[in-house]
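Note: the block below is target.pdb and it holds PDB, C-alpha atoms and all ligand atoms.
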```pdb
ATOM      1  CA  MET A   1     110.557 -62.439  39.840  1.00  0.00           C
ATOM      2  CA  CYS A   2     112.822 -64.381  37.488  1.00  0.00           C
ATOM      3  CA  PRO A   3     112.409 -68.114  38.288  1.00  0.00           C
ATOM      4  CA  VAL A   4     116.065 -68.737  37.386  1.00  0.00           C
ATOM      5  CA  CYS A   5     118.019 -66.030  39.244  1.00  0.00           C
ATOM      6  CA  ARG A   6     115.220 -64.395  41.296  1.00  0.00           C
ATOM      7  CA  ALA A   7     115.939 -60.941  39.846  1.00  0.00           C
ATOM      8  CA  ARG A   8     113.034 -58.513  40.123  1.00  0.00           C
ATOM      9  CA  PHE A   9     110.574 -58.930  37.241  1.00  0.00           C
ATOM     10  CA  ARG A  10     110.565 -55.776  35.099  1.00  0.00           C
ATOM     11  CA  GLY A  11     107.943 -56.717  32.521  1.00  0.00           C
ATOM     12  CA  ALA A  12     110.536 -57.632  29.864  1.00  0.00           C
ATOM     13  CA  ARG A  13     110.453 -60.914  27.957  1.00  0.00           C
ATOM     14  CA  VAL A  14     114.108 -61.597  28.796  1.00  0.00           C
ATOM     15  CA  CYS A  15     115.567 -61.351  32.310  1.00  0.00           C
ATOM     16  CA  SER A  16     117.879 -58.321  32.531  1.00  0.00           C
ATOM     17  CA  ARG A  17     120.256 -60.183  34.869  1.00  0.00           C
ATOM     18  CA  CYS A  18     120.556 -63.770  33.581  1.00  0.00           C
ATOM     19  CA  GLY A  19     118.944 -63.603  30.136  1.00  0.00           C
ATOM     20  CA  ALA A  20     116.291 -66.268  30.832  1.00  0.00           C
ATOM     21  CA  ASP A  21     113.251 -66.259  28.531  1.00  0.00           C
ATOM     22  CA  LEU A  22     110.351 -64.991  30.665  1.00  0.00           C
ATOM     23  CA  THR A  23     107.601 -65.328  28.038  1.00  0.00           C
ATOM     24  CA  VAL A  24     105.830 -68.120  29.945  1.00  0.00           C
ATOM     25  CA  VAL A  25     106.106 -66.178  33.222  1.00  0.00           C
ATOM     26  CA  MET A  26     104.560 -63.109  31.556  1.00  0.00           C
ATOM     27  CA  THR A  27     101.765 -65.182  30.001  1.00  0.00           C
ATOM     28  CA  LEU A  28     100.905 -66.744  33.368  1.00  0.00           C
ATOM     29  CA  ALA A  29     101.036 -63.391  35.186  1.00  0.00           C
ATOM     30  CA  ALA A  30      98.715 -61.846  32.574  1.00  0.00           C
ATOM     31  CA  SER A  31      96.358 -64.797  32.808  1.00  0.00           C
ATOM     32  CA  ALA A  32      96.216 -64.472  36.618  1.00  0.00           C
ATOM     33  CA  TRP A  33      95.585 -60.719  36.277  1.00  0.00           C
ATOM     34  CA  ARG A  34      92.640 -61.344  33.912  1.00  0.00           C
ATOM     35  CA  MET A  35      91.268 -63.920  36.352  1.00  0.00           C
ATOM     36  CA  ARG A  36      91.475 -61.442  39.247  1.00  0.00           C
ATOM     37  CA  GLN A  37      89.624 -58.882  37.117  1.00  0.00           C
ATOM     38  CA  ALA A  38      86.926 -61.483  36.415  1.00  0.00           C
ATOM     39  CA  ALA A  39      86.764 -62.278  40.155  1.00  0.00           C
ATOM     40  CA  ARG A  40      86.224 -58.570  40.921  1.00  0.00           C
ATOM     41  CA  ALA A  41      83.461 -58.441  38.278  1.00  0.00           C
ATOM     42  CA  ALA A  42      81.831 -61.518  39.848  1.00  0.00           C
ATOM     43  CA  LEU A  43      81.972 -59.817  43.278  1.00  0.00           C
ATOM     44  CA  ALA A  44      80.320 -56.720  41.818  1.00  0.00           C
ATOM     45  CA  ALA A  45      77.637 -58.923  40.220  1.00  0.00           C
ATOM     46  CA  GLY A  46      77.019 -60.694  43.532  1.00  0.00           C
ATOM     47  CA  ASP A  47      78.261 -64.125  42.412  1.00  0.00           C
ATOM     48  CA  MET A  48      80.427 -64.851  45.470  1.00  0.00           C
ATOM     49  CA  ALA A  49      81.089 -68.520  44.669  1.00  0.00           C
ATOM     50  CA  LEU A  50      82.387 -67.634  41.197  1.00  0.00           C
ATOM     51  CA  ALA A  51      84.480 -64.789  42.658  1.00  0.00           C
ATOM     52  CA  ARG A  52      85.983 -67.195  45.216  1.00  0.00           C
ATOM     53  CA  ASP A  53      86.813 -69.790  42.556  1.00  0.00           C
ATOM     54  CA  LEU A  54      88.355 -67.274  40.127  1.00  0.00           C
ATOM     55  CA  ALA A  55      90.415 -65.604  42.861  1.00  0.00           C
ATOM     56  CA  ALA A  56      91.671 -68.965  44.142  1.00  0.00           C
ATOM     57  CA  GLU A  57      92.596 -70.060  40.610  1.00  0.00           C
ATOM     58  CA  SER A  58      94.447 -66.790  39.950  1.00  0.00           C
ATOM     59  CA  GLN A  59      96.454 -67.369  43.135  1.00  0.00           C
ATOM     60  CA  ARG A  60      97.389 -70.893  42.002  1.00  0.00           C
ATOM     61  CA  ILE A  61      98.725 -69.427  38.753  1.00  0.00           C
ATOM     62  CA  CYS A  62     100.494 -66.377  40.207  1.00  0.00           C
ATOM     63  CA  ASP A  63     100.535 -65.484  43.896  1.00  0.00           C
ATOM     64  CA  THR A  64     100.264 -61.746  44.630  1.00  0.00           C
ATOM     65  CA  PRO A  65      99.473 -59.832  47.863  1.00  0.00           C
ATOM     66  CA  ALA A  66      96.367 -58.271  46.258  1.00  0.00           C
ATOM     67  CA  GLY A  67      95.299 -61.665  44.932  1.00  0.00           C
ATOM     68  CA  ARG A  68      95.678 -63.158  48.410  1.00  0.00           C
ATOM     69  CA  LYS A  69      93.319 -60.511  49.838  1.00  0.00           C
ATOM     70  CA  LEU A  70      90.869 -60.978  46.985  1.00  0.00           C
ATOM     71  CA  ALA A  71      90.866 -64.756  47.505  1.00  0.00           C
ATOM     72  CA  ALA A  72      90.293 -64.327  51.255  1.00  0.00           C
ATOM     73  CA  LEU A  73      87.447 -61.876  50.641  1.00  0.00           C
ATOM     74  CA  GLY A  74      85.872 -64.130  48.018  1.00  0.00           C
ATOM     75  CA  LYS A  75      86.101 -67.147  50.336  1.00  0.00           C
ATOM     76  CA  TRP A  76      84.527 -65.230  53.236  1.00  0.00           C
ATOM     77  CA  LEU A  77      81.722 -63.768  51.111  1.00  0.00           C
ATOM     78  CA  ALA A  78      80.976 -67.151  49.491  1.00  0.00           C
ATOM     79  CA  GLU A  79      80.731 -68.776  52.940  1.00  0.00           C
ATOM     80  CA  ARG A  80      78.441 -65.996  54.202  1.00  0.00           C
ATOM     81  CA  SER A  81      76.311 -66.203  51.090  1.00  0.00           C
ATOM     82  CA  ALA A  82      75.997 -70.010  51.432  1.00  0.00           C
ATOM     83  CA  ALA A  83      75.109 -69.647  55.145  1.00  0.00           C
ATOM     84  CA  ALA A  84      72.466 -67.007  54.323  1.00  0.00           C
ATOM     85  CA  ALA A  85      70.933 -69.355  51.729  1.00  0.00           C
ATOM     86  CA  ARG A  86      70.632 -72.087  54.384  1.00  0.00           C
ATOM     87  CA  ASP A  87      68.863 -69.807  56.942  1.00  0.00           C
TER      88      ASP A  87
HETATM   89 ZN    ZN A 101     117.082 -64.115  35.745  1.00  0.00          ZN
END
```
Spit out the file's structure as structure tokens when you get a sec.
Amino acid sequence: MCPVCRARFRGARVCSRCGADLTVVMTLAASAWRMRQAARAALAAGDMALARDLAAESQRICDTPAGRKLAALGKWLAERSAAAARD
């Protein structure tokens, strides 16, 4: 979404409605996407704490519905994994 006029984000560097430069928005969205990919890789590798941290960081950069689910899953798995280590 364009931070200036809230037009739908279409992956272009310039907003089609108001002409705002969206380069920074695109850079942040791409960075959050890479972080979510790394979180998924950490989940697959069994590093739940790292997955939780990466997913939470990606959500701070760019909130998405999928990222929200990934962050919730990472948090839950990290808590379970920490509880299992205590038992
Ligand atoms: Zn705009």
Convert the output of the PyMOL selection byres (((chain A and resi 13) around 10) and not hetatm) on the shown file into explicit residues, formatted as a list in words. Phe9, Arg10, Gly11, Ala12, Val14, Cys15, Ser16, Gly19, Ala20, Asp21, Leu22, Thr23, Val24, Val25, Met26 and Thr27 of chain A
Identify which of the residues A:Val4, A:Asp87, A:Gln59, A:Ala39 lies closest to Gly74 of chain A, counting only C-alpha atoms when measuring atom-to-atom distances.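 With only C-alpha atoms as the atom set, the closest residue is A:Ala39.
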Box for segment 16-22 of chain A: with edges along x, y and z, all listed atoms inside and 4 Å added on each side, what are the centre and edge lengths in Å to one decimal, as JSON?
```
{"center_x": 115.5, "center_y": -62.3, "center_z": 31.7, "size_x": 18.2, "size_y": 15.9, "size_z": 14.3}
```
Need to verify the contact set: Arg60 of chain A, 12 Å, all atoms listed in the file, exclusion of same-chain residues closer than 5 positions in sequence. Can you return it as a PyMOL selection string? chain A and resi 28-29+31-33+35-36+53-55+67-68+71
Pull C-alpha atoms from the residues just selected and write them as an mmCIF file, in the frame of the given file.
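Written output follows (again-v7.cif):
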```cif
data_model
loop_
_atom_site.group_PDB
_atom_site.id
_atom_site.type_symbol
_atom_site.label_atom_id
_atom_site.label_comp_id
_atom_site.auth_asym_id
_atom_site.auth_seq_id
_atom_site.Cartn_x
_atom_site.Cartn_y
_atom_site.Cartn_z
ATOM 1 C CA LEU A 28 100.905 -66.744 33.368
ATOM 2 C CA ALA A 29 101.036 -63.391 35.186
ATOM 3 C CA SER A 31 96.358 -64.797 32.808
ATOM 4 C CA ALA A 32 96.216 -64.472 36.618
ATOM 5 C CA TRP A 33 95.585 -60.719 36.277
ATOM 6 C CA MET A 35 91.268 -63.920 36.352
ATOM 7 C CA ARG A 36 91.475 -61.442 39.247
ATOM 8 C CA ASP A 53 86.813 -69.790 42.556
ATOM 9 C CA LEU A 54 88.355 -67.274 40.127
ATOM 10 C CA ALA A 55 90.415 -65.604 42.861
ATOM 11 C CA GLY A 67 95.299 -61.665 44.932
ATOM 12 C CA ARG A 68 95.678 -63.158 48.410
ATOM 13 C CA ALA A 71 90.866 -64.756 47.505
#
```
With only C-alpha atoms as the atoms that count, which of A:Met48, A:Met1, A:Leu43, A:Ala7 lies nearest to Arg80 of chain A?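 Ranking A:Met48, A:Met1, A:Leu43, A:Ala7 by distance to Arg80 of chain A, first place goes to A:Met48.
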In Å, with one decimal, what is the gap from atom CA of Ala83 of chain A to atom CA of Lys69 of chain A? 21.1 Å
Given the point (78.9, -66.9, 46.5) in the coordinates of this file, which residues lie within 6 Å, counting all atoms listed in the file, and how would they look as a VMD selection string? chain A and resid 47 to 49 78 81
Point out the residue among A:Arg17, A:Arg40, A:Arg8, A:Ala82 with the least atom-to-atom distance to ligand ZN 101 (chain A), counting all atoms listed in the file.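 The answer is A:Arg17, which sits nearest to ligand ZN 101 (chain A).
With only C-alpha atoms as the atoms that count, the residue of A:Cys18, A:Cys5, A:Ala85, A:Leu77 with the shortest distance to Ala42 of chain A is A:Leu77.
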Reconstructed segment 34-65 of chain A, atom set N, CA and C atoms, as a compact mmCIF listing (two decimals), in the coordinates of the input:
```txt
# COMPACT_ATOMS: atom_id res chain seq x y z
N ARG A 34 93.99 -61.31 34.52
CA ARG A 34 92.64 -61.34 33.91
C ARG A 34 91.66 -62.08 34.82
N MET A 35 92.14 -63.14 35.46
CA MET A 35 91.27 -63.92 36.35
C MET A 35 90.88 -63.11 37.59
N ARG A 36 91.81 -62.32 38.11
CA ARG A 36 91.48 -61.44 39.25
C ARG A 36 90.46 -60.40 38.83
N GLN A 37 90.61 -59.85 37.61
CA GLN A 37 89.62 -58.88 37.12
C GLN A 37 88.24 -59.53 37.02
N ALA A 38 88.20 -60.76 36.53
CA ALA A 38 86.93 -61.48 36.42
C ALA A 38 86.35 -61.76 37.81
N ALA A 39 87.22 -62.04 38.78
CA ALA A 39 86.76 -62.28 40.16
C ALA A 39 86.14 -61.00 40.72
N ARG A 40 86.78 -59.85 40.45
CA ARG A 40 86.22 -58.57 40.92
C ARG A 40 84.87 -58.31 40.27
N ALA A 41 84.74 -58.63 38.98
CA ALA A 41 83.46 -58.44 38.28
C ALA A 41 82.40 -59.35 38.88
N ALA A 42 82.78 -60.58 39.23
CA ALA A 42 81.83 -61.52 39.85
C ALA A 42 81.39 -61.00 41.22
N LEU A 43 82.33 -60.42 41.98
CA LEU A 43 81.97 -59.82 43.28
C LEU A 43 80.94 -58.71 43.07
N ALA A 44 81.22 -57.85 42.09
CA ALA A 44 80.32 -56.72 41.82
C ALA A 44 78.94 -57.22 41.39
N ALA A 45 78.91 -58.35 40.70
CA ALA A 45 77.64 -58.92 40.22
C ALA A 45 76.95 -59.76 41.30
N GLY A 46 77.62 -59.95 42.43
CA GLY A 46 77.02 -60.69 43.53
C GLY A 46 77.19 -62.21 43.45
N ASP A 47 78.02 -62.68 42.52
CA ASP A 47 78.26 -64.12 42.41
C ASP A 47 79.51 -64.47 43.24
N MET A 48 79.31 -64.67 44.54
CA MET A 48 80.43 -64.85 45.47
C MET A 48 81.16 -66.16 45.24
N ALA A 49 80.43 -67.22 44.89
CA ALA A 49 81.09 -68.52 44.67
C ALA A 49 82.02 -68.45 43.46
N LEU A 50 81.55 -67.79 42.40
CA LEU A 50 82.39 -67.63 41.20
C LEU A 50 83.60 -66.76 41.52
N ALA A 51 83.38 -65.68 42.26
CA ALA A 51 84.48 -64.79 42.66
C ALA A 51 85.53 -65.56 43.46
N ARG A 52 85.07 -66.38 44.40
CA ARG A 52 85.98 -67.19 45.22
C ARG A 52 86.80 -68.13 44.33
N ASP A 53 86.13 -68.82 43.41
CA ASP A 53 86.81 -69.79 42.56
C ASP A 53 87.84 -69.12 41.63
N LEU A 54 87.44 -67.98 41.04
CA LEU A 54 88.36 -67.27 40.13
C LEU A 54 89.56 -66.72 40.88
N ALA A 55 89.31 -66.16 42.07
CA ALA A 55 90.42 -65.60 42.86
C ALA A 55 91.37 -66.71 43.30
N ALA A 56 90.82 -67.85 43.71
CA ALA A 56 91.67 -68.96 44.14
C ALA A 56 92.51 -69.48 42.97
N GLU A 57 91.88 -69.58 41.79
CA GLU A 57 92.60 -70.06 40.61
C GLU A 57 93.71 -69.07 40.21
N SER A 58 93.42 -67.78 40.29
CA SER A 58 94.45 -66.79 39.95
C SER A 58 95.64 -66.90 40.90
N GLN A 59 95.37 -67.22 42.17
CA GLN A 59 96.45 -67.37 43.14
C GLN A 59 97.29 -68.62 42.86
N ARG A 60 96.64 -69.68 42.35
CA ARG A 60 97.39 -70.89 42.00
C ARG A 60 98.35 -70.62 40.85
N ILE A 61 97.90 -69.74 39.92
CA ILE A 61 98.72 -69.43 38.75
C ILE A 61 99.85 -68.47 39.12
N CYS A 62 99.51 -67.41 39.87
CA CYS A 62 100.49 -66.38 40.21
C CYS A 62 100.09 -65.73 41.52
N ASP A 63 100.84 -66.01 42.57
CA ASP A 63 100.54 -65.48 43.90
C ASP A 63 100.93 -64.01 43.99
N THR A 64 99.97 -63.16 44.39
CA THR A 64 100.26 -61.75 44.63
C THR A 64 99.60 -61.34 45.95
N PRO A 65 100.11 -60.30 46.61
CA PRO A 65 99.47 -59.83 47.86
C PRO A 65 98.02 -59.43 47.63
```
